[in-house]
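Let me begin by presenting the structure, written as structure tokens, before commenting on it.
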Amino acid sequence: MSLLAGFLAAIGRVVLGWLAATGRIALFTGETLLHMVRPPFYFREFGAAVLNVGYFSLPVVGLTAVFTGGALALQIYSGGARFNAEAVVPQIVAIGMVRELGPVLVGLMIAARVTSSIAAEIATMKVTEQIDALVTLSTHPMKYLTVPRVLAGLITVPVLVGIGDIIGIMGGYLVGVNRLGFNPASYLQNTVDFLELRDIISSLVKGAAFGVIATLMGCYFGMRSGRGAQGVGAATKSSVVAAAVLILAANFLLTQAFFFQ
Amino acid sequence: MITLDNIHKAFGPNKVLQGVDLTIPKGESMVIIGGSGTGKSVTLKCILGLIQPDEGTITVDGQNAAKGDREAFLTRFGMLFQGGALFDSLPVWQNVSFRLLRGALKRPKSEAREIAIEKLRRVGLKPEVADLFPSELSGGMQKRVGLARAIAADPEIIFFDEPTTGLDPIMAGVINDLIREIVTEMGATAMTITHDMSSVRAIADHVAMLHDGRVQWTGPIAGLDTADDAHVQQFIHGRATGPIAAIR
Ligand SMILES: Nc1ncnc2c1ncn2[C@@H]1O[C@H](COP(=O)(O)OP(=O)(O)OP(=O)(O)O)[C@@H](O)[C@H]1O
Ligand SMILES: [Mg+2]
């Protein structure tokens, strides 16, 4: 009996912990939004964040997309062969990349590359009292650290997703044309004809949402870091896990909202 | 004038401050002494609002420090952190003139840089240091950059958390003179934490000793040597035995 009670209590604690964390993250998000619309604005920090979140992520996004697009073409071809549907490769690559894999993979790569670095950087600043120093220098850490990074995520990740979509489709095209014997012109024509505006908009909206999630989680867990090197490590790990899970959850909800309304 | 009235602060079971009462008169230099881990740094952070006290009130010139516009309140302060707390993503000169490059006290870049170099000179650092990054400096140099940052905007109230720790005796002397100068010439109110008794004598108008979460003794520097308090006597003579336990 007491064993059961202990077990239930443990589950209850976990659930309460989750609820509390959800509340704190919601508050943090609200606070970020509030600081976004109130001066001062730190343009230099924003510029640096755009470079770090967006520009320097281009190589990893490009590589991820090109390999995924290529593999997708092979899979669809071999899978499609089971019911004589090899010809749909261009259409399915396009829809798969633009609607789903482009945004999700870019989002996850950003979580791995950007969320972790933001969390580790801010957590180290916290541990070495740099955040306290910012406050004493009349600079709000939310305005100086969080807002520029989250804005950079909001603006640059959709662009990265757009680039990832195009490169992914090119990966499929290269495999389709060179390996699977598709006609180059009709491959491209099929892709362009098949995609709808809604596919592209959903892709970019997902990118914006994932960009916000990834950067916000980095800032949130960094700011809440515990003390010492262990605190920094734990903050980094939690931020990446939370960002990845939230990106996948948001992806489900957005897909539902865009295509099943 | 800064007053602390019955300040309490605990971290979990660790009761650090247990009723600190202290007054720092305007334009004077208060030095806080006390054993390691007695809550000296925590006291400074409470005044700045970086740590919320559990109980008690802090007023600065009669105004409650916890209320009102924090950013405006903090523009009156300068703070040297015990660990330096330099921004490692910025070069030294931008660290020093951080406050002059943004916000209410913003001024042109070239002017901010000149001020930074002048403040660096005052803490005994050459202009060449200005373009290095904090990670390229020795511990004592970082401390002095932190000091230069604390005084860069000529604040009215300056807190120094162990300004001479890790410095050679000559540099420590330079810093002691500088703190004294800032108080006498600029009329700033200073609060300095130090373990270095020669620093205490060089800097202080008043001394307060923190022990067991309270102010054990406070008085003018002239009264320190003759203080009728066994804790103070043990501390200033550095005796291993006495009322202050060696293991804390
Ligand atoms: N953020 C914090 N969280 C938990 N405990 C803390 C925190 N800051 C300080 N403490 C604890 O408060 C106590 C006093 O710390 P404080 O840094 O004020 O000491 P100090 O008097 O400045 O010592 P020292 O002379 O060694 O610098 C210590 O026991 C420390 O562990
Ligand atoms: Mg200390």
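Identifiers in this document derive from the order of the structure tokens: chains are assigned A, B, ..., residues are numbered from 1 separately in each chain, and ligands are numbered from 1 in order of occurrence.
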Dump the neighbourhood of ligand 1 as a PDB file with N, CA and C atoms, in the first residue's frame: all residues within 8 Å, distances computed on only C-alpha atoms and all ligand atoms.
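Wrote selection_22.pdb, looks like this:
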```
ATOM      1  N   ARG A 227      24.727  26.630 -10.022  1.00  0.00           N
ATOM      2  CA  ARG A 227      26.071  27.158  -9.842  1.00  0.00           C
ATOM      3  C   ARG A 227      27.120  26.184 -10.377  1.00  0.00           C
TER       4      ARG A 227
ATOM      5  N   ALA B  10      18.612  33.857   4.047  1.00  0.00           N
ATOM      6  CA  ALA B  10      19.012  32.460   4.186  1.00  0.00           C
ATOM      7  C   ALA B  10      18.993  31.816   2.816  1.00  0.00           C
ATOM      8  N   PHE B  11      19.930  30.914   2.569  1.00  0.00           N
ATOM      9  CA  PHE B  11      19.891  30.063   1.378  1.00  0.00           C
ATOM     10  C   PHE B  11      19.558  28.666   1.867  1.00  0.00           C
ATOM     11  N   GLY B  12      18.314  28.268   1.749  1.00  0.00           N
ATOM     12  CA  GLY B  12      17.886  26.982   2.310  1.00  0.00           C
ATOM     13  C   GLY B  12      18.139  27.001   3.804  1.00  0.00           C
ATOM     14  N   ASN B  14      20.937  27.400   5.227  1.00  0.00           N
ATOM     15  CA  ASN B  14      22.116  28.198   5.537  1.00  0.00           C
ATOM     16  C   ASN B  14      21.711  29.650   5.827  1.00  0.00           C
ATOM     17  N   LYS B  15      21.596  29.974   7.123  1.00  0.00           N
ATOM     18  CA  LYS B  15      21.191  31.328   7.497  1.00  0.00           C
ATOM     19  C   LYS B  15      22.409  32.237   7.431  1.00  0.00           C
ATOM     20  N   VAL B  16      22.487  33.025   6.378  1.00  0.00           N
ATOM     21  CA  VAL B  16      23.693  33.826   6.172  1.00  0.00           C
ATOM     22  C   VAL B  16      23.611  35.146   6.933  1.00  0.00           C
ATOM     23  N   GLY B  34      35.467  40.648   8.087  1.00  0.00           N
ATOM     24  CA  GLY B  34      34.767  39.496   8.624  1.00  0.00           C
ATOM     25  C   GLY B  34      35.291  38.239   7.985  1.00  0.00           C
ATOM     26  N   GLY B  35      35.105  37.110   8.671  1.00  0.00           N
ATOM     27  CA  GLY B  35      35.641  35.845   8.195  1.00  0.00           C
ATOM     28  C   GLY B  35      35.070  35.467   6.835  1.00  0.00           C
ATOM     29  N   SER B  36      35.767  34.565   6.178  1.00  0.00           N
ATOM     30  CA  SER B  36      35.320  34.071   4.887  1.00  0.00           C
ATOM     31  C   SER B  36      33.968  33.371   5.045  1.00  0.00           C
ATOM     32  N   GLY B  37      33.032  33.684   4.161  1.00  0.00           N
ATOM     33  CA  GLY B  37      31.729  33.015   4.201  1.00  0.00           C
ATOM     34  C   GLY B  37      30.744  33.595   5.186  1.00  0.00           C
ATOM     35  N   THR B  38      31.027  34.774   5.740  1.00  0.00           N
ATOM     36  CA  THR B  38      30.091  35.349   6.710  1.00  0.00           C
ATOM     37  C   THR B  38      28.995  36.183   6.041  1.00  0.00           C
ATOM     38  N   GLY B  39      29.057  36.354   4.736  1.00  0.00           N
ATOM     39  CA  GLY B  39      27.959  37.049   4.065  1.00  0.00           C
ATOM     40  C   GLY B  39      28.279  38.479   3.676  1.00  0.00           C
ATOM     41  N   LYS B  40      29.548  38.799   3.537  1.00  0.00           N
ATOM     42  CA  LYS B  40      29.912  40.170   3.148  1.00  0.00           C
ATOM     43  C   LYS B  40      29.469  40.453   1.713  1.00  0.00           C
ATOM     44  N   SER B  41      29.806  39.536   0.810  1.00  0.00           N
ATOM     45  CA  SER B  41      29.393  39.743  -0.585  1.00  0.00           C
ATOM     46  C   SER B  41      27.875  39.741  -0.701  1.00  0.00           C
ATOM     47  N   VAL B  42      27.217  38.859   0.055  1.00  0.00           N
ATOM     48  CA  VAL B  42      25.757  38.791   0.006  1.00  0.00           C
ATOM     49  C   VAL B  42      25.159  40.130   0.450  1.00  0.00           C
ATOM     50  N   THR B  43      25.767  40.760   1.462  1.00  0.00           N
ATOM     51  CA  THR B  43      25.278  42.060   1.935  1.00  0.00           C
ATOM     52  C   THR B  43      25.307  43.098   0.816  1.00  0.00           C
ATOM     53  N   ILE B  51      20.229  40.237  -4.884  1.00  0.00           N
ATOM     54  CA  ILE B  51      19.678  39.187  -4.022  1.00  0.00           C
ATOM     55  C   ILE B  51      18.578  39.859  -3.207  1.00  0.00           C
ATOM     56  N   GLN B  82      33.699  40.372  -6.737  1.00  0.00           N
ATOM     57  CA  GLN B  82      34.827  39.636  -6.175  1.00  0.00           C
ATOM     58  C   GLN B  82      35.585  38.876  -7.260  1.00  0.00           C
ATOM     59  N   ASP B 161      34.347  44.749  -3.887  1.00  0.00           N
ATOM     60  CA  ASP B 161      34.428  43.454  -3.218  1.00  0.00           C
ATOM     61  C   ASP B 161      35.851  42.917  -3.372  1.00  0.00           C
ATOM     62  N   GLU B 162      36.627  43.054  -2.325  1.00  0.00           N
ATOM     63  CA  GLU B 162      38.021  42.617  -2.284  1.00  0.00           C
ATOM     64  C   GLU B 162      38.848  43.178  -3.445  1.00  0.00           C
ATOM     65  N   ILE B 193      34.891  45.686   0.790  1.00  0.00           N
ATOM     66  CA  ILE B 193      35.121  44.460   1.542  1.00  0.00           C
ATOM     67  C   ILE B 193      36.593  44.124   1.374  1.00  0.00           C
ATOM     68  N   THR B 194      37.277  43.853   2.462  1.00  0.00           N
ATOM     69  CA  THR B 194      38.670  43.435   2.309  1.00  0.00           C
ATOM     70  C   THR B 194      39.109  42.606   3.492  1.00  0.00           C
ATOM     71  N   HIS B 195      40.106  41.751   3.240  1.00  0.00           N
ATOM     72  CA  HIS B 195      40.703  40.947   4.304  1.00  0.00           C
ATOM     73  C   HIS B 195      42.078  41.496   4.660  1.00  0.00           C
TER      74      HIS B 195
END
```
DSSP on the backbone: which residues in range 20-243 of chain B end up as strand (DSSP E)? Give the answer as a PyMOL selection string. chain B and resi 20-24+29-34+55-60+63-64+77-80+157-161+189-193+206-211+214-220
Could you please tell me, as a ChimeraX atom specification, which residues of chain B have an atom within 8 Å of chain A when using only C-alpha atoms? /B:48,50,70-72,74-75,77-79,81,83,85-87,98-99,103
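A straight line drawn from CA of Val212 in chain A to CA of Ile247 in chain A is 9.6 Å long.
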Fewer than 3 positions away in the same chain doesn't count, so skip those; otherwise give me all residues within 6 Å of Gly146 in chain B, counting only C-alpha atoms, as a ChimeraX atom specification. /B:80,84,143,149
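Closest to Phe259 in chain A among A:Arg99, A:Arg224, A:Arg113, A:Arg179 is A:Arg99, based on only C-alpha atoms.
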For a quick check of understanding, using only C-alpha atoms, which of A:Leu105, A:Ala73, A:Val114, A:Leu216 has the smallest distance to Glu31 in chain A? A:Leu216
One decimal, Å: what's the distance from CA of Thr226 in chain B over to CA of Ile170 in chain B, could you say? 28.1 Å
Leaving out Ile158 in chain B and any residue of its chain fewer than 4 positions from it, which residues lie within 10 Å of it when counting only C-alpha atoms, given as a PyMOL selection string? chain B and resi 29+76-80+147+150-151+154+179+182-183+188-192
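Our summary of the geometry notes that CA of Glu185 in chain B is positioned 12.7 Å from CA of Pro155 in chain B.
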Please identify all polymer residues within 12 Å of Val150 in chain A, counting only C-alpha atoms, omitting same-chain residues fewer than 4 positions from it, and present them as a ChimeraX atom specification. /A:28-29,32-33,35-36,45-47,49-50,52-54,114-115,118,142-146,154-157,208-220
I want to know what sits within 9 Å of Ala48 in chain A, based on only C-alpha atoms, with residues of the same chain fewer than 5 positions away left out; could you give that as an mmCIF file with N, CA, C and O atoms, in the first residue's frame?
```cif
data_model
loop_
_atom_site.group_PDB
_atom_site.id
_atom_site.type_symbol
_atom_site.label_atom_id
_atom_site.label_comp_id
_atom_site.auth_asym_id
_atom_site.auth_seq_id
_atom_site.Cartn_x
_atom_site.Cartn_y
_atom_site.Cartn_z
ATOM 1 N N PHE A 43 20.954 46.954 -30.979
ATOM 2 C CA PHE A 43 21.074 46.551 -32.371
ATOM 3 C C PHE A 43 22.343 45.750 -32.639
ATOM 4 O O PHE A 43 22.356 44.839 -33.443
ATOM 5 N N VAL A 53 22.985 32.803 -35.209
ATOM 6 C CA VAL A 53 21.853 31.888 -35.376
ATOM 7 C C VAL A 53 21.660 31.545 -36.848
ATOM 8 O O VAL A 53 21.449 30.388 -37.210
ATOM 9 N N PRO A 148 17.507 40.027 -28.325
ATOM 10 C CA PRO A 148 18.195 39.948 -29.621
ATOM 11 C C PRO A 148 18.268 38.519 -30.164
ATOM 12 O O PRO A 148 18.084 38.304 -31.367
ATOM 13 N N ARG A 149 18.481 37.550 -29.273
ATOM 14 C CA ARG A 149 18.609 36.168 -29.743
ATOM 15 C C ARG A 149 17.280 35.618 -30.238
ATOM 16 O O ARG A 149 17.213 34.940 -31.274
ATOM 17 N N ALA A 152 16.380 37.168 -33.494
ATOM 18 C CA ALA A 152 17.208 36.579 -34.555
ATOM 19 C C ALA A 152 16.656 35.216 -34.944
ATOM 20 O O ALA A 152 16.613 34.873 -36.138
#
```
Considering only helix (DSSP H, G or I) as DSSP defines it on the backbone, what residues of range 25-212 of chain B qualify? List them as JSON, numbers by chain. {"B": [40, 41, 42, 43, 44, 45, 46, 47, 48, 70, 71, 72, 73, 74, 92, 93, 94, 95, 96, 98, 99, 100, 103, 104, 105, 109, 110, 111, 112, 113, 114, 115, 116, 117, 118, 119, 120, 121, 122, 127, 128, 129, 130, 131, 134, 135, 136, 139, 140, 141, 142, 143, 144, 145, 146, 147, 148, 149, 150, 151, 169, 170, 171, 172, 173, 174, 175, 176, 177, 178, 179, 180, 181, 182, 183, 184, 185, 186, 197, 198, 199, 200, 201, 202, 203]}
Serialized selection, C-alpha atoms, as a JSON list (two decimals), in the first residue's frame:
```json
[["chain", "number", "residue", "atom", "x", "y", "z"],
["B", 40, "LYS", "CA", 29.91, 40.17, 3.15],
["B", 41, "SER", "CA", 29.39, 39.74, -0.59],
["B", 42, "VAL", "CA", 25.76, 38.79, 0.01],
["B", 43, "THR", "CA", 25.28, 42.06, 1.94],
["B", 44, "LEU", "CA", 26.51, 44.14, -1.01],
["B", 45, "LYS", "CA", 24.31, 42.19, -3.42],
["B", 46, "CYS", "CA", 21.30, 42.79, -1.20],
["B", 47, "ILE", "CA", 21.83, 46.54, -1.36],
["B", 48, "LEU", "CA", 22.07, 46.38, -5.17],
["B", 70, "ARG", "CA", 15.77, 49.90, -10.82],
["B", 71, "GLU", "CA", 17.76, 51.01, -13.84],
["B", 72, "ALA", "CA", 17.81, 54.65, -12.78],
["B", 73, "PHE", "CA", 18.63, 53.60, -9.22],
["B", 74, "LEU", "CA", 21.58, 51.54, -10.41],
["B", 92, "VAL", "CA", 38.75, 45.38, -22.23],
["B", 93, "TRP", "CA", 37.95, 48.94, -23.23],
["B", 94, "GLN", "CA", 34.33, 48.08, -24.03],
["B", 95, "ASN", "CA", 34.08, 46.38, -20.67],
["B", 96, "VAL", "CA", 35.32, 49.49, -18.91],
["B", 98, "PHE", "CA", 30.11, 49.51, -21.04],
["B", 99, "ARG", "CA", 27.84, 52.04, -19.43],
["B", 100, "LEU", "CA", 29.11, 54.87, -21.63],
["B", 103, "GLY", "CA", 21.67, 53.62, -22.19],
["B", 104, "ALA", "CA", 21.20, 56.89, -20.34],
["B", 105, "LEU", "CA", 24.90, 57.78, -20.16],
["B", 109, "LYS", "CA", 32.49, 55.82, -29.17],
["B", 110, "SER", "CA", 35.78, 57.69, -29.40],
["B", 111, "GLU", "CA", 35.02, 59.60, -26.23],
["B", 112, "ALA", "CA", 34.00, 56.43, -24.40],
["B", 113, "ARG", "CA", 37.25, 54.82, -25.46],
["B", 114, "GLU", "CA", 39.29, 57.76, -24.21],
["B", 115, "ILE", "CA", 37.57, 57.59, -20.85],
["B", 116, "ALA", "CA", 38.20, 53.85, -20.70],
["B", 117, "ILE", "CA", 41.90, 54.34, -21.36],
["B", 118, "GLU", "CA", 42.10, 57.06, -18.73],
["B", 119, "LYS", "CA", 40.38, 54.82, -16.14],
["B", 120, "LEU", "CA", 42.69, 51.95, -17.06],
["B", 121, "ARG", "CA", 45.65, 54.24, -16.43],
["B", 122, "ARG", "CA", 44.27, 55.07, -13.01],
["B", 127, "PRO", "CA", 46.67, 51.66, -22.95],
["B", 128, "GLU", "CA", 47.76, 48.53, -24.88],
["B", 129, "VAL", "CA", 45.58, 46.47, -22.56],
["B", 130, "ALA", "CA", 42.47, 48.21, -23.94],
["B", 131, "ASP", "CA", 42.20, 46.02, -27.02],
["B", 134, "PRO", "CA", 39.59, 39.58, -20.54],
["B", 135, "SER", "CA", 40.74, 35.98, -21.02],
["B", 136, "GLU", "CA", 44.14, 37.29, -22.15],
["B", 139, "GLY", "CA", 43.91, 37.51, -12.50],
["B", 140, "GLY", "CA", 45.18, 40.72, -10.94],
["B", 141, "MET", "CA", 44.83, 42.58, -14.25],
["B", 142, "GLN", "CA", 41.24, 41.38, -14.59],
["B", 143, "LYS", "CA", 40.53, 42.63, -11.11],
["B", 144, "ARG", "CA", 41.87, 46.05, -12.01],
["B", 145, "VAL", "CA", 39.81, 46.15, -15.22],
["B", 146, "GLY", "CA", 36.77, 45.37, -13.07],
["B", 147, "LEU", "CA", 37.76, 48.27, -10.84],
["B", 148, "ALA", "CA", 38.13, 50.57, -13.84],
["B", 149, "ARG", "CA", 34.65, 49.51, -15.00],
["B", 150, "ALA", "CA", 33.20, 50.23, -11.56],
["B", 151, "ILE", "CA", 34.48, 53.80, -11.58],
["B", 169, "PRO", "CA", 51.86, 44.96, -2.67],
["B", 170, "ILE", "CA", 52.74, 47.91, -4.89],
["B", 171, "MET", "CA", 49.62, 47.56, -7.00],
["B", 172, "ALA", "CA", 47.57, 47.09, -3.82],
["B", 173, "GLY", "CA", 48.97, 50.41, -2.64],
["B", 174, "VAL", "CA", 48.00, 52.07, -5.93],
["B", 175, "ILE", "CA", 44.45, 50.76, -5.61],
["B", 176, "ASN", "CA", 44.16, 51.81, -1.95],
["B", 177, "ASP", "CA", 45.22, 55.33, -2.90],
["B", 178, "LEU", "CA", 42.76, 55.34, -5.78],
["B", 179, "ILE", "CA", 39.83, 54.37, -3.57],
["B", 180, "ARG", "CA", 40.81, 56.98, -1.02],
["B", 181, "GLU", "CA", 41.06, 59.57, -3.80],
["B", 182, "ILE", "CA", 37.64, 58.72, -5.21],
["B", 183, "VAL", "CA", 36.09, 59.27, -1.80],
["B", 184, "THR", "CA", 37.92, 62.46, -0.86],
["B", 185, "GLU", "CA", 38.09, 64.15, -4.26],
["B", 186, "MET", "CA", 34.87, 63.04, -5.91],
["B", 197, "MET", "CA", 44.45, 44.95, 7.20],
["B", 198, "SER", "CA", 46.80, 47.45, 5.56],
["B", 199, "SER", "CA", 44.03, 48.16, 3.05],
["B", 200, "VAL", "CA", 41.55, 48.65, 5.88],
["B", 201, "ARG", "CA", 43.81, 51.26, 7.46],
["B", 202, "ALA", "CA", 44.46, 52.99, 4.14],
["B", 203, "ILE", "CA", 40.86, 53.15, 2.94]]
```
